[in-house]
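Text of the file data_16.txt, holding compact mmCIF, C-alpha atoms:
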```txt
# COMPACT_ATOMS: atom_id res chain seq x y z
CA MET A 1 82.40 109.45 83.59
CA HIS A 2 84.44 109.50 86.77
CA PRO A 3 82.48 109.55 90.03
CA VAL A 4 82.27 112.98 91.65
CA PHE A 5 83.97 113.24 95.02
CA GLN A 6 81.60 114.21 97.79
CA SER A 7 82.60 115.65 101.12
CA SER A 8 81.72 113.50 104.09
CA ARG A 9 81.39 113.93 107.82
CA ARG A 10 80.88 111.12 110.30
CA ASP A 11 80.16 111.42 114.00
CA PHE A 12 80.22 108.86 116.77
CA THR A 13 79.46 109.16 120.47
CA PHE A 14 81.56 107.26 123.00
CA GLY A 15 80.27 108.01 126.48
CA PRO A 16 80.78 111.75 127.08
CA TRP A 17 83.06 112.00 124.03
CA LYS A 18 82.01 112.92 120.51
CA LEU A 19 84.30 111.83 117.68
CA SER A 20 83.95 113.69 114.38
CA ALA A 21 85.80 112.93 111.14
CA ALA A 22 85.48 115.33 108.19
CA ARG A 23 86.90 114.67 104.72
CA THR A 24 86.68 117.32 102.02
CA HIS A 25 88.32 118.46 98.78
CA ILE A 26 91.94 119.44 98.24
CA MET A 27 92.57 123.05 99.14
CA LYS A 28 92.27 125.42 96.18
CA SER A 29 95.43 127.06 94.85
CA ALA A 30 94.45 130.58 95.95
CA GLN A 31 93.79 129.39 99.50
CA ALA A 32 97.03 127.40 99.50
CA GLU A 33 99.05 130.45 98.45
CA ARG A 34 97.53 132.58 101.21
CA LEU A 35 98.21 129.89 103.80
CA ALA A 36 101.80 129.47 102.57
CA ASP A 37 102.37 133.20 103.05
CA GLU A 38 100.92 133.03 106.56
CA LEU A 39 103.20 130.12 107.44
CA HIS A 40 106.20 131.78 105.72
CA MET A 41 106.73 128.75 103.50
CA PRO A 42 107.58 128.86 99.77
CA SER A 43 104.96 126.21 99.04
CA LEU A 44 102.58 123.74 100.63
CA PRO A 45 102.24 120.00 99.97
CA GLU A 46 100.78 119.13 96.57
CA MET A 47 97.69 117.61 98.17
CA MET A 48 96.71 119.82 101.06
CA PHE A 49 93.42 118.99 102.78
CA GLY A 50 92.95 122.11 104.84
CA ASP A 51 89.41 121.32 105.95
CA ASN A 52 90.01 117.66 106.79
CA VAL A 53 89.91 117.14 110.52
CA LEU A 54 89.52 114.52 113.21
CA ARG A 55 88.06 116.01 116.37
CA ILE A 56 87.53 114.33 119.75
CA GLN A 57 85.54 116.58 122.07
CA HIS A 58 84.05 116.11 125.53
CA ASP A 59 80.56 117.25 126.51
CA HIS A 60 82.22 120.00 128.59
CA GLY A 61 83.92 121.46 125.52
CA PHE A 62 87.54 120.37 125.94
CA GLY A 63 89.23 117.86 123.67
CA ILE A 64 91.81 117.40 120.94
CA GLU A 65 91.77 117.63 117.16
CA PHE A 66 94.11 116.86 114.29
CA ASN A 67 94.30 119.15 111.25
CA ALA A 68 96.80 119.91 108.49
CA THR A 69 97.27 123.63 109.13
CA ASP A 70 98.45 123.21 112.71
CA ALA A 71 100.63 120.29 111.61
CA LEU A 72 102.45 122.48 109.06
CA LYS A 73 103.09 125.09 111.75
CA CYS A 74 105.48 122.55 113.29
CA VAL A 75 107.53 122.29 110.08
CA ASN A 76 110.95 123.96 110.04
CA ASN A 77 110.36 126.72 107.48
CA CYS A 78 113.85 128.19 107.73
CA GLN A 79 116.18 125.30 106.99
CA GLY A 80 116.33 122.44 104.51
CA MET A 81 118.05 119.47 106.08
CA ILE A 82 117.74 116.67 103.50
CA LYS A 83 119.15 116.38 100.01
CA VAL A 84 117.90 113.97 97.37
CA ALA A 85 120.05 111.06 96.27
CA CYS A 86 121.05 112.73 93.00
CA ALA A 87 122.05 116.04 94.63
CA ALA A 88 125.77 115.20 94.77
CA GLU A 89 125.87 114.22 91.09
CA TRP A 90 123.91 117.33 90.14
CA GLN A 91 126.30 119.64 91.99
CA GLU A 92 129.34 117.85 90.60
CA SER A 93 128.09 118.30 87.04
CA ARG A 94 127.70 122.04 87.74
CA SER A 95 130.81 122.54 89.84
CA GLU A 96 132.00 125.36 87.61
CA ALA A 97 128.77 127.33 88.01
CA GLU A 98 129.15 130.26 90.38
CA HIS A 99 125.82 129.98 92.18
CA SER A 100 125.18 126.23 91.93
CA LYS A 101 125.46 125.69 95.69
CA GLU A 102 123.49 128.71 96.82
CA VAL A 103 120.06 128.15 98.35
CA VAL A 104 117.70 131.03 97.68
CA ARG A 105 115.12 130.25 100.37
CA PRO A 106 115.89 127.24 102.54
CA TYR A 107 113.05 125.32 104.19
CA ASP A 108 112.22 121.72 105.05
CA TRP A 109 110.84 120.61 101.70
CA THR A 110 109.96 117.18 103.18
CA TYR A 111 107.36 118.82 105.48
CA THR A 112 108.59 116.81 108.46
CA THR A 113 106.41 117.62 111.47
CA ASP A 114 106.37 116.54 115.09
CA TYR A 115 102.72 117.58 115.43
CA LYS A 116 100.90 115.80 118.26
CA GLY A 117 97.43 117.33 117.98
CA THR A 118 95.72 120.59 118.89
CA LEU A 119 94.14 120.93 122.33
CA LEU A 120 90.63 122.36 122.49
CA GLY A 121 88.80 124.24 125.21
CA ASP A 122 89.96 125.43 128.59
CA THR A 123 93.58 124.49 129.27
CA ALA A 124 92.81 124.52 132.99
CA THR A 125 90.37 121.66 132.48
CA LEU A 126 92.47 119.65 130.02
CA LYS A 127 96.07 119.37 131.18
CA VAL A 128 99.05 117.62 129.63
CA VAL A 129 101.30 116.05 132.25
CA PRO A 130 104.21 113.60 131.89
CA THR A 131 103.65 110.03 133.06
CA THR A 132 105.47 106.72 133.23
CA GLU A 133 102.33 104.82 132.21
CA HIS A 134 102.32 103.42 128.69
CA ILE A 135 99.58 102.40 126.29
CA ASN A 136 98.75 98.74 126.84
CA THR A 137 99.28 97.28 123.39
CA GLU A 138 98.09 93.85 124.54
CA LYS A 139 94.64 95.30 125.18
CA LEU A 140 94.63 96.77 121.69
CA LYS A 141 95.46 93.34 120.25
CA ALA A 142 92.39 91.80 121.89
CA ARG A 143 89.64 91.01 119.42
CA GLU A 144 86.81 93.46 119.93
CA GLN A 145 84.04 94.71 117.74
CA ILE A 146 85.06 97.87 115.87
CA MET A 147 82.06 100.15 116.23
CA PHE A 148 83.57 103.10 114.37
CA PHE A 149 86.58 103.51 112.09
CA GLU A 150 87.79 106.40 109.98
CA GLU A 151 90.99 107.45 108.23
CA VAL A 152 91.60 111.09 107.37
CA LEU A 153 94.41 112.22 105.07
CA LEU A 154 95.74 115.65 106.06
CA PHE A 155 98.40 116.20 103.40
CA GLU A 156 100.58 114.34 100.91
CA ASP A 157 103.41 115.31 98.58
CA GLU A 158 105.48 113.26 96.12
CA LEU A 159 108.56 115.45 96.67
CA HIS A 160 108.99 116.18 92.96
CA ASP A 161 109.11 112.42 92.19
CA HIS A 162 111.85 111.85 94.76
CA GLY A 163 109.69 109.99 97.29
CA VAL A 164 106.61 110.67 99.37
CA SER A 165 105.67 112.71 102.42
CA SER A 166 102.28 112.25 104.04
CA LEU A 167 100.37 112.89 107.23
CA SER A 168 97.25 110.93 108.09
CA VAL A 169 95.22 110.10 111.17
CA LYS A 170 93.18 106.98 111.92
CA VAL A 171 90.68 106.31 114.67
CA ARG A 172 88.92 103.15 115.76
CA VAL A 173 86.38 102.80 118.53
CA MET A 174 85.81 99.56 120.43
CA PRO A 175 83.33 98.89 123.25
CA SER A 176 86.07 99.35 125.87
CA SER A 177 88.14 102.19 124.40
CA PHE A 178 89.09 104.29 121.39
CA PHE A 179 92.50 104.53 119.76
CA VAL A 180 93.99 107.20 117.49
CA LEU A 181 97.13 106.96 115.36
CA LEU A 182 98.57 110.10 113.77
CA ARG A 183 101.41 109.16 111.43
CA PHE A 184 103.83 111.28 109.46
CA PHE A 185 105.60 109.11 106.89
CA LEU A 186 108.56 110.21 104.80
CA ARG A 187 110.50 108.34 102.15
CA VAL A 188 113.22 110.10 100.20
CA ASP A 189 114.27 107.65 97.49
CA GLY A 190 117.80 106.40 98.03
CA VAL A 191 118.28 108.56 101.13
CA LEU A 192 116.12 107.77 104.17
CA ILE A 193 112.81 106.66 105.68
CA ARG A 194 111.25 108.48 108.63
CA MET A 195 108.11 107.94 110.71
CA ASN A 196 106.74 110.19 113.44
CA ASP A 197 103.83 108.54 115.28
CA THR A 198 101.45 109.99 117.83
CA ARG A 199 99.22 107.43 119.56
CA LEU A 200 96.23 108.38 121.68
CA HIS A 201 94.32 105.86 123.78
CA HIS A 202 91.36 106.32 126.10
CA GLU A 203 89.61 103.58 128.07
CA ALA A 204 85.97 103.94 129.03
CA ASP A 205 86.61 103.48 132.74
CA LYS A 206 89.45 106.03 132.89
CA THR A 207 89.31 109.80 133.38
CA TYR A 208 92.37 110.48 131.25
CA MET A 209 93.95 109.75 127.87
CA LEU A 210 97.41 108.40 127.21
CA ARG A 211 99.38 110.06 124.43
CA GLU A 212 102.67 108.67 123.16
CA TYR A 213 104.99 110.15 120.55
CA THR A 214 107.73 108.20 118.78
CA SER A 215 110.12 109.16 116.00
CA ARG A 216 112.02 106.61 113.93
CA GLU A 217 114.44 107.19 111.10
CA SER A 218 116.94 105.19 109.09
CA LYS A 219 119.10 105.72 106.05
CA ILE A 220 118.21 103.55 103.09
CA SER A 221 121.78 102.24 103.00
CA ASN A 222 121.41 100.93 106.56
CA LEU A 223 118.21 99.01 105.88
CA LYS A 224 118.43 95.30 105.28
CA VAL A 225 115.97 93.23 103.31
CA ILE A 226 115.19 90.21 105.46
CA ASP A 227 113.81 87.47 103.28
CA ALA A 228 111.78 84.58 104.61
CA THR A 229 114.11 82.05 103.00
CA SER A 230 117.21 82.03 100.84
CA LEU A 231 115.10 80.90 97.88
CA GLY A 232 113.95 83.36 95.25
CA TRP A 233 110.32 84.48 95.23
CA ASP A 234 109.52 82.58 92.02
CA THR A 235 111.03 79.40 93.45
CA ARG A 236 109.07 79.82 96.68
CA VAL A 237 105.79 80.28 94.82
CA LYS A 238 106.49 77.21 92.70
CA GLY A 239 107.33 75.23 95.84
CA PHE A 240 104.11 76.38 97.49
CA ILE A 241 101.99 75.41 94.48
CA ALA A 242 103.72 72.03 94.09
CA CYS A 243 103.45 71.17 97.79
CA PHE A 244 99.83 72.28 98.00
CA ALA A 245 98.97 70.30 94.86
CA ILE A 246 100.61 67.19 96.35
CA GLY A 247 98.53 67.68 99.49
CA CYS A 248 95.30 67.90 97.49
CA LEU A 249 96.32 64.86 95.41
CA CYS A 250 97.01 62.79 98.54
CA SER A 251 93.63 63.71 100.00
CA ILE A 252 91.83 62.76 96.77
CA LEU A 253 93.83 59.54 96.50
CA GLY A 254 92.98 58.67 100.09
CA SER A 255 89.28 59.12 99.33
CA CYS A 256 89.59 56.75 96.36
CA LEU A 257 91.46 54.13 98.42
CA LEU A 258 88.75 54.26 101.07
CA TRP A 259 86.69 51.71 99.11
CA ILE A 260 89.39 49.02 99.09
CA PRO A 261 88.21 46.09 101.26
CA LYS A 262 89.79 45.65 104.72
CA LYS A 263 92.70 48.10 104.29
CA GLY A 264 90.78 50.95 102.69
CA LEU A 265 90.08 52.88 105.89
CA VAL A 266 93.70 52.72 107.04
CA LEU A 267 94.98 53.77 103.60
CA PHE A 268 92.55 56.67 103.60
CA ALA A 269 93.83 57.79 107.01
CA VAL A 270 97.46 57.62 105.90
CA PHE A 271 97.00 59.54 102.65
CA TYR A 272 94.68 62.07 104.26
CA THR A 273 97.34 62.74 106.91
CA LEU A 274 100.06 63.07 104.27
CA GLY A 275 97.84 65.56 102.46
CA ASN A 276 97.46 67.69 105.58
CA ILE A 277 101.20 67.61 106.24
CA ALA A 278 101.93 68.70 102.67
CA SER A 279 99.33 71.49 102.85
CA ILE A 280 100.78 72.89 106.07
CA GLY A 281 104.30 72.52 104.73
CA SER A 282 103.42 74.45 101.57
CA THR A 283 103.12 77.74 103.48
CA MET A 284 106.68 77.33 104.72
CA PHE A 285 107.83 78.23 101.22
CA LEU A 286 106.08 81.60 101.50
CA MET A 287 106.97 82.68 105.04
CA GLY A 288 109.93 80.49 105.93
CA PRO A 289 110.17 77.54 108.35
CA MET A 290 110.91 79.53 111.52
CA LYS A 291 108.10 82.03 111.00
CA GLN A 292 105.72 79.19 110.18
CA LEU A 293 106.61 77.38 113.41
CA LYS A 294 106.23 80.57 115.46
CA ARG A 295 102.78 81.17 114.01
CA MET A 296 101.74 77.57 114.59
CA PHE A 297 102.59 77.80 118.29
CA GLU A 298 101.08 81.23 118.96
CA PRO A 299 98.53 81.18 121.82
CA THR A 300 95.58 81.47 119.43
CA ARG A 301 96.68 78.37 117.47
CA LEU A 302 98.47 76.35 120.15
CA ILE A 303 95.59 73.97 120.97
CA ALA A 304 94.76 73.34 117.31
CA THR A 305 98.43 72.67 116.54
CA ILE A 306 98.81 70.22 119.43
CA VAL A 307 95.63 68.34 118.46
CA MET A 308 96.86 68.20 114.86
CA LEU A 309 100.29 66.79 115.83
CA VAL A 310 98.76 64.24 118.22
CA SER A 311 96.28 63.14 115.54
CA ILE A 312 99.06 62.72 112.98
CA GLN A 313 101.02 60.59 115.44
CA GLY A 314 97.86 58.65 116.24
CA VAL A 315 97.28 57.82 112.57
CA THR A 316 100.91 56.68 112.30
CA LEU A 317 100.54 54.31 115.26
CA SER A 318 97.13 53.01 114.23
CA SER A 319 98.46 52.22 110.74
CA TYR A 320 101.66 50.56 111.94
CA LYS A 321 101.99 46.80 111.48
CA PRO A 322 104.80 45.22 113.54
CA GLY A 323 107.10 42.77 111.79
CA SER A 324 107.76 39.17 112.74
CA ASN A 325 111.15 40.01 114.27
CA PHE A 326 109.51 41.29 117.45
CA HIS A 327 108.25 39.06 120.24
CA SER A 328 104.55 39.52 120.94
CA SER A 329 105.12 39.53 124.67
CA GLN A 330 106.90 42.87 124.53
CA LEU A 331 104.83 45.65 126.06
CA TRP A 332 105.39 48.24 123.33
CA LEU A 333 104.45 45.69 120.66
CA ARG A 334 101.19 44.98 122.40
CA MET A 335 100.47 48.70 122.45
CA CYS A 336 101.10 48.92 118.70
CA LEU A 337 98.78 46.00 118.09
CA GLU A 338 96.08 47.70 120.12
CA TRP A 339 96.55 50.94 118.18
CA ARG A 340 96.29 49.18 114.84
CA LYS A 341 92.57 49.61 114.43
CA ALA A 342 90.79 51.22 111.52
CA GLY A 343 88.30 52.89 113.84
CA LEU A 344 91.04 54.75 115.66
CA ALA A 345 92.56 55.82 112.35
CA LEU A 346 89.21 57.29 111.31
CA LEU A 347 88.85 59.01 114.69
CA PHE A 348 92.24 60.67 114.33
CA CYS A 349 91.33 61.79 110.81
CA ILE A 350 88.20 63.47 112.17
CA LEU A 351 90.27 65.20 114.84
CA GLN A 352 92.71 66.31 112.14
CA PHE A 353 89.87 67.78 110.10
CA PHE A 354 88.52 69.91 112.95
CA ALA A 355 92.00 70.93 114.14
CA MET A 356 93.01 71.90 110.60
CA ALA A 357 89.81 73.89 110.11
CA TRP A 358 90.22 75.69 113.46
CA TYR A 359 93.87 76.39 112.65
CA SER A 360 93.10 77.75 109.18
CA ILE A 361 90.29 80.12 110.16
CA SER A 362 92.52 81.66 112.85
CA PHE A 363 94.16 83.62 110.02
CA ILE A 364 90.78 85.15 109.05
CA PRO A 365 89.70 88.09 111.26
CA TYR A 366 86.60 87.33 113.37
CA ALA A 367 86.08 83.96 111.63
CA ARG A 368 86.33 82.04 114.90
CA ASP A 369 83.85 84.38 116.57
CA ALA A 370 81.41 83.82 113.71
CA VAL A 371 81.77 80.03 114.02
CA LYS A 372 81.22 80.19 117.78
CA LYS A 373 78.05 82.23 117.31
CA CYS A 374 76.72 79.83 114.67
CA VAL A 375 77.35 76.84 116.92
CA SER A 376 75.74 78.53 119.93
CA VAL A 377 72.67 79.42 117.84
CA CYS A 378 72.37 75.85 116.54
CA LEU A 379 72.67 74.38 120.04
CA SER A 380 70.25 76.82 121.65
```

This structure in structure tokens:
Amino acid sequence: MHPVFQSSRRDFTFGPWKLSAARTHIMKSAQAERLADELHMPSLPEMMFGDNVLRIQHDHGFGIEFNATDALKCVNNCQGMIKVACAAEWQESRSEAEHSKEVVRPYDWTYTTDYKGTLLGDTATLKVVPTTEHINTEKLKAREQIMFFEEVLLFEDELHDHGVSSLSVKVRVMPSSFFVLLRFFLRVDGVLIRMNDTRLHHEADKTYMLREYTSRESKISNLKVIDATSLGWDTRVKGFIACFAIGCLCSILGSCLLWIPKKGLVLFAVFYTLGNIASIGSTMFLMGPMKQLKRMFEPTRLIATIVMLVSIQGVTLSSYKPGSNFHSSQLWLRMCLEWRKAGLALLFCILQFFAMAWYSISFIPYARDAVKKCVSVCLS
């Protein structure tokens, strides 16, 4: 038996604000027909969630909410502006028909809306004024605990198997602020892609909200597929697996060579380093060399990357044995002889291990914070 859908409502208090997210069933056909008549539209989206709502309300009664009914009121119900990719072929095949190009009741069948939310309460208390201030996206990128998150789907339609049209709203609350994203997404297969976004941001120490609206659109023919590399996906996956396997093999081989008398520690350091280089290089097959380098030198990974590169160079120097063609009185040769110590090679391997671990967990959300807490608990 399939699980029965149950309506849900979640509330969260953020200072004087109360955030409420309600998710219920799809609107029944009789209700949808009545609403379509009220909105003067031939039909509503296939999945219409009329009672789904995200409401943000102040203790004094004013606020803003996002619902499907008000969003559809912003749809152009008098003119259809987009034709599907096969429309030209369909009309050409029926060019002799007398009424093939007549539109009985035109309307925007993609349900494109520029809805930005519905204001609640006294308009004298809550005012909308233009501003040059923008939402600080850098603050939103900062890692903070997410105390409340909810996503509410308002409507969705598959456009008679010619694409998808949907409107949804997400909210997340952090200790310092809350952020709302209302997104209308449209894809008409072979024709265009369109996104209308409304972003709402409020910081705890501010007496106002910032609301930004953006609209982006592009024809499918103008879009370019930017691949990470010129290699095919299958080739890239094979390269990743092969390179990663070589890295693991080098690490295992280095562990086995560790027990060789005198030179074992140096051989372990060399093969362990080669294994790390191969492991890091394996991801270049998936994302491409340039993207890999950019990610390695991002601020969150910069220190780990530098320590890793210095440790690799340190292992190289500590494992280097100068030939007899060089005079021992040369300064650089003396430095190489000083570096050629098994203890230093082991030290650089340890640094590599911690740098590699710190680098790797940076790709896992909140992993570094968890490690820091564990270390602080152990040391306290």

* Could you tell me how far CA of Asp161 in chain A lies from CA of Asp51 in chain A, in Å and to one decimal? => 25.6 Å

* **Residues within 12 Å of range 236-250 of chain A, only C-alpha atoms, excluding chain neighbours under 4 positions, as a ChimeraX atom specification** => /A:227-232,254-257,267-289

* Would you mind reading off the distance between CA of Glu65 in chain A and CA of Glu138 in chain A, one decimal, in Å? =>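 So the answer is 25.7 Å.
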
* **Residue with smallest distance to Thr137 in chain A - pool A:Val307, A:His201, A:His162, A:Asn76, counting all atoms listed in the file** => A:His201

* Mind giving me the straight-line distance from CA of Met308 in chain A to CA of Ala367 in chain A in Å, one decimal? => 19.4 Å

* Using only C-alpha atoms, which of A:Phe62, A:Phe184, A:Trp233, A:Phe348 sits nearest Leu119 in chain A? ->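 Result for the nearest residue to Leu119 in chain A: A:Phe62.
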
* Structure fact -> Min atom-atom distance to Glu156 in chain A from the set A:Phe66, A:Tyr359, A:Trp109, A:Phe49, counting only C-alpha atoms, belongs to A:Phe49

* Structure fact -> The residue from A:Thr305, A:Ala22, A:Lys373, A:Val315 with the smallest atom-to-atom distance to Ala355 in chain A, counting all atoms listed in the file, is A:Thr305

* Around (83.2, 114.5, 106.6) in the file's own coordinates, what residues are found within 7 Å if you use only C-alpha atoms, given back as a PyMOL selection string? -> chain A and resi 7-10+21-24

* Residue neighbourhood Glu46 in chain A, 7 Å, all atoms listed in the file, exclusion window fewer than 2 positions, as a list in words -> Leu44, Met48, Glu156 and Asp157 of chain A

* Selected residue, from A:Ser29, A:Thr110, A:Ser177, A:Thr118, that lies nearest to Ala204 in chain A when counting only C-alpha atoms ->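 Of all the options, A:Ser177 lies closest to Ala204 in chain A.
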
* Extract, using only C-alpha atoms, all DNA, RNA and protein residues at most 12 Å from Pro45 in chain A, discarding same-chain residues fewer than 6 positions from it, and format them as a list of chain:residue names. =>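 Skipping anything fewer than 6 positions along the chain leaves A:Ile26, A:Met27, A:Lys28, A:Ser29, A:Ala32, A:Glu33, A:Leu35, A:Ala36, A:Ala68, A:Thr69, A:Ala71, A:Leu72, A:Val75, A:Asp108, A:Trp109, A:Thr110, A:Tyr111, A:Thr112, A:Leu154, A:Phe155, A:Glu156, A:Asp157, A:Glu158, A:Leu159, A:His160, A:Val164, A:Ser165, A:Ser166, A:Leu167.
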
* Nearest to Tyr208 in chain A among A:Ser251, A:Ser362, A:Thr131, A:Asn196, with distances taken over only C-alpha atoms: which residue is it? ->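 Ranked by minimum distance to Tyr208 in chain A, first place goes to A:Thr131.
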